[in-house]
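Notes to accompany the following structure.
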Amino acid sequence: MILSLARRCAIAALVLGVLTLAPIRAGAAEVLVFAAASLKTALDEIAPAFEQQTGYEVTVSYAASSVLARQIQLGAPADLFISANVNWMDVLQDQGMIDVASRVDLLGNGLVLIGGTEQTQIGKMQSSTDLSGALGSGYLAMALVDAVPAGVYGKAALQSLGLWSEIEDQVAQTDNVRAALALVAAGAAPLGIVYQSDAQADERVRIIASFPPDTHPPIIYPAAVTATAKPEAHALLDYLRSDAARNVFMEQGFALPGS
């Protein structure tokens, strides 16, 4: 069959229109997540399952909660924010930058001292723990102690145990908790303080001791859809609270809030 020139032009225009619209539809179904660095291993497993189930695309930007919150303050187009502590979420809520009705306490976590796999395990951190002796001439890897949640929790725990003053000059501060984990995993620091879930993320480290929960503020991961979010962000937040997602979180060392 030979098509007329006019008909061929019409078909070509229709095809071009479909091709032009396709990326627009894909972009509209993309969810941009800003998530605390400690969530990387878990979310990298959970996001593809959500994508397969819904057809939406998920892009996750990982960094310290403080860094991500400041980026949102500056206008970064995040759809969903998951913080490693409540303070940074409170900051955004006070400034009207999240959908308050969507805010939930998504996860909990524990705080641990890690070292190389050859390190002797202690069991539980106590006031009598010889942390300075364990470090020797080395450094204790921690996230930024005055800004990044893992560092803030770690400093509070050490202060509570009366250990901070004797080791504060031996702290190697990093931009986020995964960077502290990497220092210990690479052997650049003999010990580090990270979340329990982080310790399970790298086979080159082991938990040397755990911090009693009463030595630091409760570790809570609040999540909320931003004020400018696409509708698909609500679906992702719902999925993160599903049994399927929670099973992944639990397997990787996280806990449910209050547990």
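A note on labels: chains of the structure tokens are A, B, ... as shown, every chain counts residues from 1, and ligands are counted from 1 in their shown order.
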Could the residues of stretch 105-147 of chain A that have an atom at most 10 Å from stretch 76-96 of chain A be listed as JSON lines, each with its closest atom pair and the distance in Å to one decimal, counting only C-alpha atoms and ordered by chain and ascending residue number?
{"residue": "A:Asp105", "atom": "CA", "partner": "A:Val86", "partner_atom": "CA", "distance": 8.6}
{"residue": "A:Leu106", "atom": "CA", "partner": "A:Ile82", "partner_atom": "CA", "distance": 8.3}
{"residue": "A:Leu107", "atom": "CA", "partner": "A:Ala84", "partner_atom": "CA", "distance": 8.9}
{"residue": "A:Gly108", "atom": "CA", "partner": "A:Ala84", "partner_atom": "CA", "distance": 8.8}
{"residue": "A:Asn109", "atom": "CA", "partner": "A:Ala84", "partner_atom": "CA", "distance": 9.1}
{"residue": "A:Ala147", "atom": "CA", "partner": "A:Trp88", "partner_atom": "CA", "distance": 9.7}
Quiz item: How would you write, as a VMD selection string, the set of residues in stretch 47-202 of chain A that DSSP gives as helix (DSSP H, G or I)?
Solution: chain A and resid 47 to 54 65 to 73 86 to 94 100 to 102 131 to 135 149 to 160 164 to 170 177 to 185 196 to 199
Quiz item: Skipping near chain neighbours, those fewer than 5 positions away, what residues fall within 12 Å of A:Asp243 using only C-alpha atoms, listed as a PyMOL selection string?
Solution: chain A and resi 46+238+248-250+256
Practice problem: Name the residues in contact with A:Leu39 at a cut-off of 12 Å, using only C-alpha atoms, excluding same-chain residues fewer than 3 positions from it; report them as a PyMOL selection string. | Solution: chain A and resi 33-36+42-47+60-65+81-84+106-109+176-178+195-198+200-201+221+223+240+248-250+252-254
Exercise. Between atom CA of A:Gln126 and atom CA of A:Asp175, measure the distance and give it in Å to one decimal.
Key: 26.9 Å
Exercise. Excluding A:Tyr239 and residues on its chain fewer than 4 positions from it, collect all residues at most 8 Å away from it, counting only C-alpha atoms, and give them as a PyMOL selection string.
Key: chain A and resi 50+235+245
Selection to disk with N, CA, C and O atoms, as a PDB file, in the first residue's frame:
ATOM      1  N   PHE A  50      10.185  -1.407  44.565  1.00  0.00           N
ATOM      2  CA  PHE A  50       9.109  -0.421  44.428  1.00  0.00           C
ATOM      3  C   PHE A  50       8.937  -0.030  42.964  1.00  0.00           C
ATOM      4  O   PHE A  50       7.808   0.089  42.463  1.00  0.00           O
ATOM      5  N   ALA A 235       3.214   7.439  47.535  1.00  0.00           N
ATOM      6  CA  ALA A 235       3.195   5.998  47.305  1.00  0.00           C
ATOM      7  C   ALA A 235       4.493   5.350  47.790  1.00  0.00           C
ATOM      8  O   ALA A 235       4.480   4.263  48.375  1.00  0.00           O
ATOM      9  N   ALA A 245       9.245  -3.845  52.809  1.00  0.00           N
ATOM     10  CA  ALA A 245      10.356  -2.922  53.058  1.00  0.00           C
ATOM     11  C   ALA A 245      10.889  -3.078  54.472  1.00  0.00           C
ATOM     12  O   ALA A 245      12.105  -3.073  54.695  1.00  0.00           O
TER      13      ALA A 245
END
Exercise. List every residue of stretch 8-254 of chain A that DSSP, applied to the backbone of this structure, places in strand (DSSP E), and write the result as a count of residues only.
Key: 55
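Distance-wise, atom CA of A:Gly154 and atom CA of A:Ile167 end up 12.3 Å apart.
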Quiz prompt | Distance criterion (only C-alpha atoms): nearest to A:Gly55 out of A:Ala209, A:Glu232, A:Ile122, A:Asp169 | solution =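 For A:Gly55, the nearest of the given residues is A:Glu232.
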Quiz item: Counting only C-alpha atoms, what is within 12 Å of A:Val112, bar same-chain residues fewer than 4 positions away, as an MDAnalysis selection string?
Solution: chainID A and resid 121:125 141:142 150:151 153:154 157:158 177 181 191:200 205:213 215:216 253
Practice problem: Counting only C-alpha atoms, figure out which residue out of A:Ala69, A:Ala224, A:Leu236, A:Ile219 gets nearest to A:Ala101. | Solution: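 Closest to A:Ala101, using only C-alpha atoms: A:Ala224.
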